[in-house]
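Colleague: My structure is in protein_1.tsv, and what it holds is TSV, C-alpha atoms:
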chain	number	residue	atom	x	y	z
A	1	MET	CA	131.65	95.74	10.77
A	2	ALA	CA	128.48	97.24	12.25
A	3	LYS	CA	127.99	100.93	11.68
A	4	THR	CA	127.68	103.07	14.82
A	5	ILE	CA	124.21	104.59	15.12
A	6	HIS	CA	124.14	107.93	16.93
A	7	PRO	CA	121.00	109.23	18.67
A	8	ALA	CA	119.63	112.65	17.86
A	9	GLN	CA	120.94	115.44	20.06
A	10	ARG	CA	117.54	115.85	21.75
A	11	LEU	CA	117.76	112.31	23.16
A	12	GLN	CA	121.22	112.96	24.55
A	13	GLU	CA	119.94	116.07	26.31
A	14	LEU	CA	117.02	114.37	28.07
A	15	PRO	CA	117.26	114.38	31.88
A	16	LYS	CA	118.12	111.10	33.56
A	17	GLN	CA	114.95	109.12	34.36
A	18	PHE	CA	114.98	109.54	38.12
A	19	PHE	CA	112.27	106.98	38.91
A	20	ALA	CA	113.79	104.31	36.66
A	21	ALA	CA	117.00	104.46	38.69
A	22	LEU	CA	115.04	104.39	41.96
A	23	VAL	CA	113.07	101.30	40.86
A	24	ALA	CA	116.24	99.52	39.76
A	25	LYS	CA	117.87	100.11	43.13
A	26	ALA	CA	114.81	98.88	45.04
A	27	ASN	CA	114.41	95.82	42.80
A	28	ALA	CA	118.05	94.87	43.24
A	29	ARG	CA	117.62	94.93	47.00
A	30	ALA	CA	114.40	92.89	46.86
A	31	ALA	CA	116.09	90.33	44.56
A	32	THR	CA	118.38	89.38	47.45
A	33	GLY	CA	115.32	88.05	49.30
A	34	ARG	CA	114.87	91.03	51.62
A	35	ASP	CA	111.38	92.21	52.66
A	36	VAL	CA	111.60	95.64	51.02
A	37	LEU	CA	108.92	98.23	51.78
A	38	ASN	CA	108.79	100.43	48.67
A	39	PHE	CA	107.23	103.85	49.26
A	40	GLY	CA	109.36	105.64	46.68
A	41	GLN	CA	106.97	105.67	43.73
A	42	GLY	CA	103.56	107.19	43.07
A	43	ASN	CA	101.91	103.99	41.88
A	44	PRO	CA	98.47	103.40	43.49
A	45	ASP	CA	98.36	100.07	45.31
A	46	LEU	CA	94.58	99.54	45.35
A	47	PRO	CA	92.57	98.04	42.46
A	48	THR	CA	90.30	99.93	40.09
A	49	PRO	CA	86.69	99.93	41.42
A	50	PRO	CA	84.77	96.85	40.17
A	51	HIS	CA	82.04	98.74	38.29
A	52	ILE	CA	84.68	100.39	36.10
A	53	VAL	CA	86.40	97.08	35.38
A	54	GLU	CA	83.04	95.50	34.54
A	55	SER	CA	82.29	98.33	32.12
A	56	LEU	CA	85.50	97.59	30.23
A	57	LYS	CA	84.72	93.86	30.09
A	58	GLN	CA	81.35	94.53	28.50
A	59	ALA	CA	82.68	97.23	26.19
A	60	ALA	CA	85.37	94.91	24.84
A	61	ASP	CA	82.62	92.89	23.13
A	62	ASN	CA	81.39	95.91	21.17
A	63	PRO	CA	82.64	95.59	17.55
A	64	LEU	CA	82.45	99.38	17.16
A	65	TYR	CA	85.48	99.60	19.44
A	66	HIS	CA	87.49	97.13	17.37
A	67	LYS	CA	87.91	99.82	14.71
A	68	TYR	CA	89.96	102.98	14.89
A	69	PRO	CA	88.37	105.41	17.36
A	70	PRO	CA	87.80	109.07	16.42
A	71	PHE	CA	91.16	110.86	16.39
A	72	ARG	CA	90.12	113.23	19.15
A	73	GLY	CA	88.19	110.75	21.26
A	74	PHE	CA	84.54	109.85	21.58
A	75	ALA	CA	82.17	112.71	22.39
A	76	PHE	CA	80.64	110.78	25.28
A	77	LEU	CA	83.99	110.74	27.15
A	78	LYS	CA	84.61	114.46	26.70
A	79	GLU	CA	81.06	115.15	27.83
A	80	ALA	CA	81.62	112.97	30.91
A	81	VAL	CA	84.69	114.87	32.10
A	82	ALA	CA	82.98	118.21	31.43
A	83	ARG	CA	80.02	117.03	33.53
A	84	ARG	CA	82.34	115.92	36.34
A	85	TYR	CA	84.08	119.32	36.40
A	86	LYS	CA	80.72	121.07	36.51
A	87	GLU	CA	79.52	118.94	39.43
A	88	ASP	CA	82.77	118.97	41.42
A	89	TYR	CA	84.14	122.46	40.75
A	90	GLY	CA	81.37	124.50	39.16
A	91	VAL	CA	83.51	124.89	36.01
A	92	GLU	CA	81.75	125.07	32.62
A	93	LEU	CA	83.64	123.36	29.79
A	94	ASP	CA	82.67	122.96	26.14
A	95	PRO	CA	83.37	119.26	25.50
A	96	GLU	CA	84.30	119.81	21.85
A	97	THR	CA	86.59	122.84	22.11
A	98	GLU	CA	87.82	122.89	25.72
A	99	VAL	CA	88.59	119.20	26.31
A	100	ALA	CA	91.37	117.04	24.84
A	101	VAL	CA	91.68	113.32	25.56
A	102	LEU	CA	95.21	112.23	26.53
A	103	PHE	CA	97.11	108.96	26.84
A	104	GLY	CA	97.49	109.70	30.56
A	105	GLY	CA	98.26	113.07	32.07
A	106	LYS	CA	102.01	112.64	31.58
A	107	THR	CA	101.60	112.70	27.80
A	108	GLY	CA	99.93	116.10	27.92
A	109	LEU	CA	102.57	117.48	30.27
A	110	ILE	CA	105.20	116.58	27.67
A	111	GLU	CA	103.16	117.81	24.68
A	112	ILE	CA	102.34	121.26	26.08
A	113	SER	CA	105.98	122.35	25.80
A	114	GLN	CA	106.19	121.09	22.23
A	115	CYS	CA	103.03	123.04	21.42
A	116	LEU	CA	104.15	126.37	22.90
A	117	LEU	CA	107.93	126.61	23.12
A	118	ASN	CA	110.39	127.51	20.40
A	119	PRO	CA	114.11	126.90	21.00
A	120	GLY	CA	115.30	129.37	23.63
A	121	ASP	CA	111.84	130.13	25.05
A	122	VAL	CA	111.60	129.88	28.83
A	123	ALA	CA	109.29	127.67	30.88
A	124	LEU	CA	108.88	128.46	34.57
A	125	VAL	CA	109.12	125.23	36.55
A	126	PRO	CA	108.51	124.50	40.26
A	127	ASP	CA	111.53	123.35	42.26
A	128	PRO	CA	110.97	120.77	43.66
A	129	GLY	CA	108.56	119.45	41.06
A	130	TYR	CA	107.57	116.51	38.89
A	131	PRO	CA	110.67	115.69	36.79
A	132	ASP	CA	108.76	114.92	33.59
A	133	TYR	CA	108.02	118.64	33.12
A	134	TRP	CA	111.72	118.91	32.34
A	135	SER	CA	111.56	116.24	29.64
A	136	GLY	CA	108.99	118.06	27.51
A	137	ILE	CA	110.86	121.35	27.79
A	138	VAL	CA	114.12	119.73	26.67
A	139	LEU	CA	112.42	118.00	23.73
A	140	ALA	CA	111.04	121.38	22.63
A	141	GLY	CA	114.44	123.06	22.89
A	142	GLY	CA	113.15	125.30	25.68
A	143	VAL	CA	114.99	126.65	28.71
A	144	MET	CA	113.93	126.08	32.31
A	145	ALA	CA	113.78	128.80	34.95
A	146	PHE	CA	113.16	127.27	38.35
A	147	MET	CA	110.76	128.69	40.92
A	148	PRO	CA	111.80	127.65	44.44
A	149	LEU	CA	109.02	126.14	46.56
A	150	LEU	CA	109.99	126.95	50.13
A	151	GLU	CA	108.39	125.79	53.35
A	152	GLN	CA	108.12	129.35	54.66
A	153	ASN	CA	105.94	130.23	51.63
A	154	GLY	CA	103.69	127.19	52.05
A	155	PHE	CA	105.53	125.60	49.10
A	156	LEU	CA	103.97	128.17	46.74
A	157	PRO	CA	106.20	130.06	44.26
A	158	ASP	CA	107.07	133.70	44.95
A	159	TYR	CA	106.36	135.46	41.64
A	160	GLU	CA	108.18	138.61	42.71
A	161	ALA	CA	111.40	136.61	43.08
A	162	ILE	CA	111.46	135.48	39.42
A	163	PRO	CA	114.29	137.26	37.55
A	164	GLU	CA	113.19	139.88	35.02
A	165	GLU	CA	115.21	138.26	32.23
A	166	ALA	CA	113.35	134.96	32.71
A	167	LEU	CA	110.01	136.77	32.68
A	168	ARG	CA	110.79	138.46	29.35
A	169	LYS	CA	111.35	135.10	27.65
A	170	ALA	CA	108.78	133.03	29.55
A	171	LYS	CA	105.87	131.56	27.59
A	172	LEU	CA	104.77	128.72	29.87
A	173	MET	CA	104.54	127.99	33.58
A	174	PHE	CA	103.87	124.66	35.32
A	175	LEU	CA	101.97	124.51	38.59
A	176	ASN	CA	100.93	121.40	40.54
A	177	TYR	CA	98.54	121.44	43.52
A	178	PRO	CA	98.00	119.27	45.47
A	179	ASN	CA	101.73	119.18	45.00
A	180	ASN	CA	104.06	116.36	44.12
A	181	PRO	CA	106.34	116.01	46.03
A	182	THR	CA	105.59	118.47	48.89
A	183	SER	CA	101.86	117.59	49.33
A	184	ALA	CA	101.02	121.30	49.68
A	185	THR	CA	97.70	122.70	48.44
A	186	ALA	CA	96.97	126.03	46.76
A	187	THR	CA	94.74	128.82	48.06
A	188	ARG	CA	92.11	130.74	46.14
A	189	ALA	CA	94.13	133.93	46.63
A	190	PHE	CA	97.21	132.29	45.12
A	191	TYR	CA	95.33	131.22	42.00
A	192	GLU	CA	93.86	134.72	41.64
A	193	GLU	CA	97.38	136.14	41.84
A	194	THR	CA	98.49	133.56	39.26
A	195	VAL	CA	95.85	134.71	36.74
A	196	ARG	CA	96.94	138.34	37.16
A	197	PHE	CA	100.60	137.35	36.80
A	198	ALA	CA	99.92	135.34	33.62
A	199	GLU	CA	97.88	138.17	32.07
A	200	LYS	CA	100.60	140.72	32.82
A	201	HIS	CA	103.46	138.68	31.36
A	202	GLY	CA	101.68	136.78	28.55
A	203	ILE	CA	102.41	133.37	30.09
A	204	VAL	CA	100.31	130.23	29.60
A	205	ILE	CA	99.59	128.34	32.83
A	206	ALA	CA	99.74	124.53	32.82
A	207	SER	CA	98.04	123.35	36.01
A	208	ASP	CA	98.83	119.72	36.84
A	209	PHE	CA	95.78	118.54	38.85
A	210	ALA	CA	96.70	114.87	39.03
A	211	TYR	CA	95.93	114.68	42.76
A	212	GLY	CA	92.88	116.92	42.63
A	213	ALA	CA	90.54	114.40	44.26
A	214	ILE	CA	92.77	113.83	47.29
A	215	GLY	CA	92.35	116.43	50.02
A	216	PHE	CA	92.17	115.88	53.76
A	217	ASP	CA	90.44	117.25	56.85
A	218	GLY	CA	87.27	118.20	55.00
A	219	LYS	CA	89.03	120.41	52.44
A	220	ARG	CA	88.54	119.67	48.76
A	221	PRO	CA	91.54	120.84	46.67
A	222	LEU	CA	90.80	123.78	44.40
A	223	SER	CA	90.92	123.49	40.63
A	224	PHE	CA	92.84	126.29	38.93
A	225	LEU	CA	89.95	126.53	36.46
A	226	GLU	CA	87.61	127.64	39.28
A	227	THR	CA	89.46	130.98	39.28
A	228	PRO	CA	87.85	133.82	37.27
A	229	GLY	CA	89.92	134.35	34.12
A	230	ALA	CA	91.75	131.03	34.37
A	231	LYS	CA	90.53	129.73	31.00
A	232	GLU	CA	91.82	132.90	29.34
A	233	VAL	CA	95.39	132.21	30.48
A	234	GLY	CA	95.78	128.46	30.79
A	235	ILE	CA	94.71	124.86	30.93
A	236	GLU	CA	94.53	122.10	33.50
A	237	PHE	CA	95.66	118.49	33.23
A	238	TYR	CA	93.42	115.93	34.90
A	239	THR	CA	93.88	112.18	35.09
A	240	LEU	CA	91.90	109.16	36.24
A	241	SER	CA	95.09	107.49	37.51
A	242	LYS	CA	94.85	108.62	41.12
A	243	THR	CA	91.14	109.44	41.47
A	244	TYR	CA	89.97	105.96	40.45
A	245	ASN	CA	93.17	103.87	40.81
A	246	MET	CA	93.44	103.68	37.01
A	247	ALA	CA	97.16	104.40	36.57
A	248	GLY	CA	97.64	101.52	34.12
A	249	TRP	CA	94.62	102.50	32.01
A	250	ARG	CA	96.32	105.71	30.77
A	251	VAL	CA	93.34	108.09	30.64
A	252	GLY	CA	93.89	111.81	31.05
A	253	PHE	CA	92.54	115.14	29.85
A	254	ALA	CA	93.67	118.66	29.04
A	255	LEU	CA	90.95	121.19	29.89
A	256	GLY	CA	90.51	124.91	29.47
A	257	ASN	CA	91.76	127.49	26.98
A	258	ARG	CA	90.37	126.48	23.59
A	259	ASN	CA	93.37	127.76	21.61
A	260	VAL	CA	95.80	125.64	23.63
A	261	ILE	CA	93.43	122.65	23.54
A	262	GLU	CA	93.37	122.89	19.74
A	263	MET	CA	97.19	122.86	19.71
A	264	ILE	CA	97.25	119.70	21.82
A	265	ASN	CA	94.61	118.07	19.62
A	266	LEU	CA	96.61	119.01	16.53
A	267	ILE	CA	99.88	117.53	17.74
A	268	GLN	CA	98.03	114.37	18.83
A	269	ASP	CA	96.46	114.09	15.38
A	270	HIS	CA	100.02	113.40	14.21
A	271	TYR	CA	101.01	111.12	17.09
A	272	TYR	CA	97.97	108.99	17.92
A	273	CYS	CA	94.56	107.71	16.98
A	274	SER	CA	93.06	108.12	20.48
A	275	LEU	CA	92.41	105.47	23.15
A	276	PHE	CA	90.78	102.06	22.67
A	277	GLY	CA	87.03	102.71	22.68
A	278	GLY	CA	86.38	100.19	25.45
A	279	ILE	CA	88.70	102.10	27.76
A	280	GLN	CA	86.96	105.33	26.83
A	281	GLU	CA	83.59	103.80	27.74
A	282	ALA	CA	84.92	102.55	31.08
A	283	ALA	CA	86.46	105.96	31.77
A	284	ALA	CA	83.08	107.58	31.14
A	285	ALA	CA	81.55	105.06	33.55
A	286	ALA	CA	84.04	106.17	36.19
A	287	LEU	CA	83.24	109.85	35.66
A	288	ASN	CA	79.47	109.47	35.35
A	289	GLY	CA	78.96	106.77	37.96
A	290	PRO	CA	78.68	106.92	41.75
A	291	GLN	CA	81.57	108.76	43.36
A	292	ASP	CA	81.50	106.98	46.73
A	293	CYS	CA	84.55	105.00	45.57
A	294	VAL	CA	86.49	108.28	45.45
A	295	ALA	CA	85.32	109.32	48.93
A	296	SER	CA	86.29	105.87	50.23
A	297	LEU	CA	89.74	106.15	48.67
A	298	VAL	CA	90.35	109.54	50.28
A	299	ARG	CA	89.33	108.09	53.68
A	300	THR	CA	91.81	105.26	53.17
A	301	TYR	CA	94.66	107.68	52.48
A	302	LYS	CA	93.64	109.85	55.45
A	303	ASN	CA	93.69	106.83	57.76
A	304	ARG	CA	97.07	105.78	56.40
A	305	ARG	CA	98.40	109.31	56.85
A	306	ASN	CA	97.24	109.47	60.45
A	307	ALA	CA	98.61	106.02	61.28
A	308	LEU	CA	102.00	106.80	59.75
A	309	TYR	CA	102.38	110.22	61.40
A	310	GLY	CA	101.45	108.73	64.76
A	311	ALA	CA	104.19	106.13	64.31
A	312	LEU	CA	106.67	108.77	63.12
A	313	ALA	CA	105.95	110.88	66.22
A	314	ASP	CA	106.69	107.81	68.35
A	315	ILE	CA	110.22	107.61	66.92
A	316	GLY	CA	110.79	111.38	67.14
A	317	TRP	CA	110.45	112.19	63.42
A	318	HIS	CA	108.23	115.25	63.19
A	319	ALA	CA	106.77	116.97	60.12
A	320	PRO	CA	103.49	118.68	59.13
A	321	LYS	CA	100.84	116.26	57.90
A	322	PRO	CA	100.08	116.42	54.16
A	323	ALA	CA	97.08	118.54	53.18
A	324	GLY	CA	96.56	116.74	49.88
A	325	SER	CA	97.93	114.06	47.51
A	326	PHE	CA	99.14	110.70	48.82
A	327	PHE	CA	102.70	111.87	49.48
A	328	CYS	CA	104.55	112.78	52.67
A	329	TRP	CA	107.38	115.33	52.49
A	330	LEU	CA	109.71	114.57	55.38
A	331	PRO	CA	112.89	116.35	56.54
A	332	VAL	CA	116.07	114.29	56.71
A	333	PRO	CA	117.96	114.09	60.01
A	334	GLU	CA	120.97	116.24	60.72
A	335	GLY	CA	124.19	115.10	59.08
A	336	HIS	CA	122.49	113.57	56.03
A	337	THR	CA	121.66	114.61	52.49
A	338	SER	CA	118.46	113.39	50.92
A	339	VAL	CA	120.41	110.78	48.91
A	340	SER	CA	122.56	109.54	51.79
A	341	PHE	CA	119.50	109.22	54.03
A	342	ALA	CA	117.47	107.38	51.36
A	343	ASP	CA	120.40	105.02	50.79
A	344	LEU	CA	120.72	104.40	54.53
A	345	LEU	CA	117.01	103.54	54.84
A	346	LEU	CA	117.27	101.06	51.98
A	347	GLU	CA	120.47	99.43	53.23
A	348	GLU	CA	119.71	99.35	56.96
A	349	ALA	CA	115.89	99.24	57.13
A	350	ASP	CA	114.81	97.87	53.73
A	351	VAL	CA	112.60	100.94	53.27
A	352	VAL	CA	112.50	102.79	49.95
A	353	VAL	CA	111.85	106.54	49.85
A	354	ALA	CA	112.56	109.04	47.08
A	355	PRO	CA	115.39	111.52	47.73
A	356	GLY	CA	114.04	115.06	47.52
A	357	VAL	CA	116.92	116.26	45.33
A	358	GLY	CA	115.54	114.07	42.53
A	359	PHE	CA	112.73	116.63	42.20
A	360	GLY	CA	115.07	119.65	42.01
A	361	SER	CA	117.80	121.34	44.01
A	362	HIS	CA	115.32	122.80	46.50
A	363	GLY	CA	114.19	119.28	47.32
A	364	GLU	CA	117.47	118.76	49.13
A	365	GLY	CA	116.95	118.12	52.81
A	366	TYR	CA	113.75	116.08	52.31
A	367	VAL	CA	112.58	112.65	51.23
A	368	ARG	CA	109.22	111.77	49.71
A	369	LEU	CA	107.22	108.81	50.99
A	370	GLY	CA	104.02	107.53	49.39
A	371	LEU	CA	101.00	106.37	51.41
A	372	LEU	CA	100.75	103.38	49.11
A	373	ALA	CA	100.57	100.40	51.44
A	374	PRO	CA	98.27	99.23	54.25
A	375	GLU	CA	98.49	101.01	57.60
A	376	GLU	CA	100.32	98.14	59.26
A	377	ARG	CA	103.10	98.24	56.67
A	378	LEU	CA	103.48	102.02	57.05
A	379	ILE	CA	103.73	101.60	60.82
A	380	GLU	CA	106.26	98.80	60.32
A	381	ALA	CA	108.37	101.11	58.13
A	382	ALA	CA	108.39	103.76	60.86
A	383	GLU	CA	109.38	101.16	63.45
A	384	ARG	CA	112.24	99.89	61.28
A	385	ILE	CA	113.49	103.46	60.81
A	386	GLY	CA	113.11	104.13	64.54
A	387	ARG	CA	115.46	101.24	65.33
A	388	LEU	CA	118.25	103.14	63.55
A	389	GLY	CA	118.18	105.71	66.39
A	390	LEU	CA	118.41	108.74	64.09
A	391	PHE	CA	115.76	110.93	65.71
A	392	ARG	CA	116.51	110.62	69.43
Go ahead and express the file in the form of structure tokens.
Modeller:
Amino acid sequence: MAKTIHPAQRLQELPKQFFAALVAKANARAATGRDVLNFGQGNPDLPTPPHIVESLKQAADNPLYHKYPPFRGFAFLKEAVARRYKEDYGVELDPETEVAVLFGGKTGLIEISQCLLNPGDVALVPDPGYPDYWSGIVLAGGVMAFMPLLEQNGFLPDYEAIPEEALRKAKLMFLNYPNNPTSATATRAFYEETVRFAEKHGIVIASDFAYGAIGFDGKRPLSFLETPGAKEVGIEFYTLSKTYNMAGWRVGFALGNRNVIEMINLIQDHYYCSLFGGIQEAAAAALNGPQDCVASLVRTYKNRRNALYGALADIGWHAPKPAGSFFCWLPVPEGHTSVSFADLLLEEADVVVAPGVGFGSHGEGYVRLGLLAPEERLIEAAERIGRLGLFR
């Protein structure tokens, strides 16, 4: 008789994988032969620029890369991201001590909690926010204190509203601008307040800058590290996934405070032996090469945004246009929850959106839609939804 194998307690405590359930539901619908328009995930739909792909093809022939890479990544890649930050944001980074190479930004967002939190320590988490912040905190045995992101505050946290008990135990805080899921952007004044807040309470800031390249209407999103004093209190996570349509390549970075960067490098010394060298060379080509591909991508998302919001206005569904990221944060109609509305759109219109409550309790009342299809398909989605007569 087979012996029952029980998982460790930490696995049983992990939050339910929200996006896995969403994908399964969408795939089940599509398997029936329906023309499903899936805007529920954050998976870029456009290919990686050709010069980056070509760099990988050539690098794959280099026998140097067929061996183990340096544990902490090749110097040329860390130098490339430091150069990009200097050119784009005016931020000086020491490639050796203030840059860590990650297997995608998500990996670093999980590791930071394991580096800083002991059981019972508090992490301040945006609500709504990216659910994988929760996973790292749970794996570290930490406790989450949620910071509501409310429309009346521009979807920025109100530090004065954080309970004193949470502040006493807090060691880490996650921020994410341009924001997933609300698409809000941060102001310079907010980041200056954040540095003062972190200094006062001894909290490390983890700025998730995954959508940092995507800002609209002539406004480049601010990097947290541009703020005076930011490197003294925190780090920033950057990824090539969205900037260069390289989600499947899994290239990310942690940047900033050298003590925290050393912690991340140390934990990764035990987990990994860095990325395949050919991918590192191609990533450096993306960072060092011409950036018109990034500008072109942002124009594409802006055009998609404008086309969609024009079509939404035609059906009577009104919401502020996103300032950054490739997400739209849309209010659900009266009489619906975020889940019931998302289910209705899937069942009656074959349109997939992500229920806001999947990002936290303060996401209730909204759904998230990604600008991850051609303009004509976004317009078609709006027309399908309009035929349901929910907004008239």
Colleague: Atom CA of Ile264 of chain A and atom CA of Ile112 of chain A, how far apart in Å?
Modeller: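 It comes out at 6.8 Å.
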Colleague: State, in Å with one decimal place, the distance from atom CA of Val332 of chain A to atom CA of Ala354 of chain A.
Modeller: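 Between these atoms lies a distance of 11.5 Å.
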Colleague: Could you list, with a cut-off of 12 Å and counting all atoms listed in the file, the residues of segment 259-322 of chain A near segment 131-155 of chain A, each shown with its nearest atom pair and the distance in Å rounded to one decimal, rows sorted by chain and ascending number, as a Markdown table?
Modeller:
| residue | atom | partner | partner_atom | distance |
| --- | --- | --- | --- | --- |
| A:Ala319 | CA | A:Glu151 | CA | 11.2 |
| A:Pro320 | CA | A:Glu151 | CA | 10.4 |
| A:Pro322 | CA | A:Gly154 | CA | 11.6 |
Colleague: Between atom CA of Glu92 of chain A and atom CA of Lys242 of chain A, what is the distance in Å, rounded to a tenth?
Modeller: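 Those two atoms sit 22.7 Å apart.
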Colleague: Which protein, DNA or RNA residues are at most 6 Å from (83.5, 102.3, 42.7) in the file's coordinates when you count all atoms listed in the file, listed as a count of residues only?
Modeller: 3
Colleague: Considering all atoms listed in the file, can you say which of A:Tyr211, A:Phe39, A:Tyr191, A:Phe276 comes closest to Ala26 of chain A?
Modeller: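 Once distances to Ala26 of chain A are computed over all atoms listed in the file, the minimum belongs to A:Phe39.
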Colleague: Name the closest residue to Arg384 of chain A among the candidates A:Ala323, A:Ala60, A:Ala282, A:Leu37; distances are taken between atoms, counting all atoms listed in the file.
Modeller: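 Checking each candidate against Arg384 of chain A, we get A:Leu37 as the closest.
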Colleague: Can you pull out every residue within 12 Å of Thr107 of chain A, counting only C-alpha atoms, but drop anything in the same chain fewer than 5 positions away, and send it as a compact mmCIF listing (two decimals) with C-alpha atoms, keeping the file's coordinate frame?
Modeller:
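This is the output file part_19.txt:
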# COMPACT_ATOMS: atom_id res chain seq x y z
CA ALA A 100 91.37 117.04 24.84
CA VAL A 101 91.68 113.32 25.56
CA LEU A 102 95.21 112.23 26.53
CA ILE A 112 102.34 121.26 26.08
CA SER A 113 105.98 122.35 25.80
CA GLN A 114 106.19 121.09 22.23
CA ASP A 132 108.76 114.92 33.59
CA TYR A 133 108.02 118.64 33.12
CA SER A 135 111.56 116.24 29.64
CA GLY A 136 108.99 118.06 27.51
CA ASP A 208 98.83 119.72 36.84
CA PHE A 237 95.66 118.49 33.23
CA TYR A 238 93.42 115.93 34.90
CA THR A 239 93.88 112.18 35.09
CA ARG A 250 96.32 105.71 30.77
CA VAL A 251 93.34 108.09 30.64
CA GLY A 252 93.89 111.81 31.05
CA PHE A 253 92.54 115.14 29.85
CA ALA A 254 93.67 118.66 29.04
CA ILE A 264 97.25 119.70 21.82
CA ILE A 267 99.88 117.53 17.74
CA GLN A 268 98.03 114.37 18.83
CA TYR A 271 101.01 111.12 17.09
CA TYR A 272 97.97 108.99 17.92
Colleague: Give the answer as one residue: which of A:Phe190, A:Phe341, A:Tyr309, A:Phe359 has the shortest atom-to-atom distance to Ile379 of chain A, using only C-alpha atoms?
Modeller: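 Distance minimum relative to Ile379 of chain A lands on A:Tyr309.
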Colleague: Tell me, as a VMD selection string, which residues lie within 8 Å of Leu330 of chain A, counting only C-alpha atoms; anything in the same chain fewer than 2 positions away does not count.
Modeller: chain A and resid 318 to 319 328 332 366 to 369
Colleague: Which one is closest to Ser241 of chain A: A:Tyr89, A:Tyr130, A:Phe103, A:Tyr68? Count all atoms listed in the file.
Modeller: A:Phe103
Colleague: Pick the closest to Leu297 of chain A from A:Val351, A:Leu225, A:Ala381, A:Leu371: which is it, counting only C-alpha atoms?
Modeller: A:Leu371
Colleague: List the residues sitting within 9 Å of (101.9, 105.8, 44.9) in the file's frame, using all atoms listed in the file, as a PyMOL selection string.
Modeller: chain A and resi 39-45+242+326-327+369-373
Colleague: Could those residues be written to a file, using C-alpha atoms, as an mmCIF file, keeping the file's coordinate frame?
Modeller:
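Listed below is the output, again_2.cif:
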data_model
loop_
_atom_site.group_PDB
_atom_site.id
_atom_site.type_symbol
_atom_site.label_atom_id
_atom_site.label_comp_id
_atom_site.auth_asym_id
_atom_site.auth_seq_id
_atom_site.Cartn_x
_atom_site.Cartn_y
_atom_site.Cartn_z
ATOM 1 C CA PHE A 39 107.230 103.850 49.260
ATOM 2 C CA GLY A 40 109.360 105.640 46.680
ATOM 3 C CA GLN A 41 106.970 105.670 43.730
ATOM 4 C CA GLY A 42 103.560 107.190 43.070
ATOM 5 C CA ASN A 43 101.910 103.990 41.880
ATOM 6 C CA PRO A 44 98.470 103.400 43.490
ATOM 7 C CA ASP A 45 98.360 100.070 45.310
ATOM 8 C CA LYS A 242 94.850 108.620 41.120
ATOM 9 C CA PHE A 326 99.140 110.700 48.820
ATOM 10 C CA PHE A 327 102.700 111.870 49.480
ATOM 11 C CA LEU A 369 107.220 108.810 50.990
ATOM 12 C CA GLY A 370 104.020 107.530 49.390
ATOM 13 C CA LEU A 371 101.000 106.370 51.410
ATOM 14 C CA LEU A 372 100.750 103.380 49.110
ATOM 15 C CA ALA A 373 100.570 100.400 51.440
#
Colleague: Between A:Ala285, A:Ala307, A:Ala186, A:Ala213, which is the closest to Tyr85 of chain A once you count all atoms listed in the file?
Modeller: A:Ala213
Colleague: If the box runs along x, y and z of the file and leaves 3 Å on each side of segment 19-32 of chain A, what are its centre and edge lengths in Å, one decimal, as AutoDock Vina command-line options?
Modeller:
--center_x 115.3 --center_y 98.2 --center_z 42.1 --size_x 12.1 --size_y 23.6 --size_z 16.8
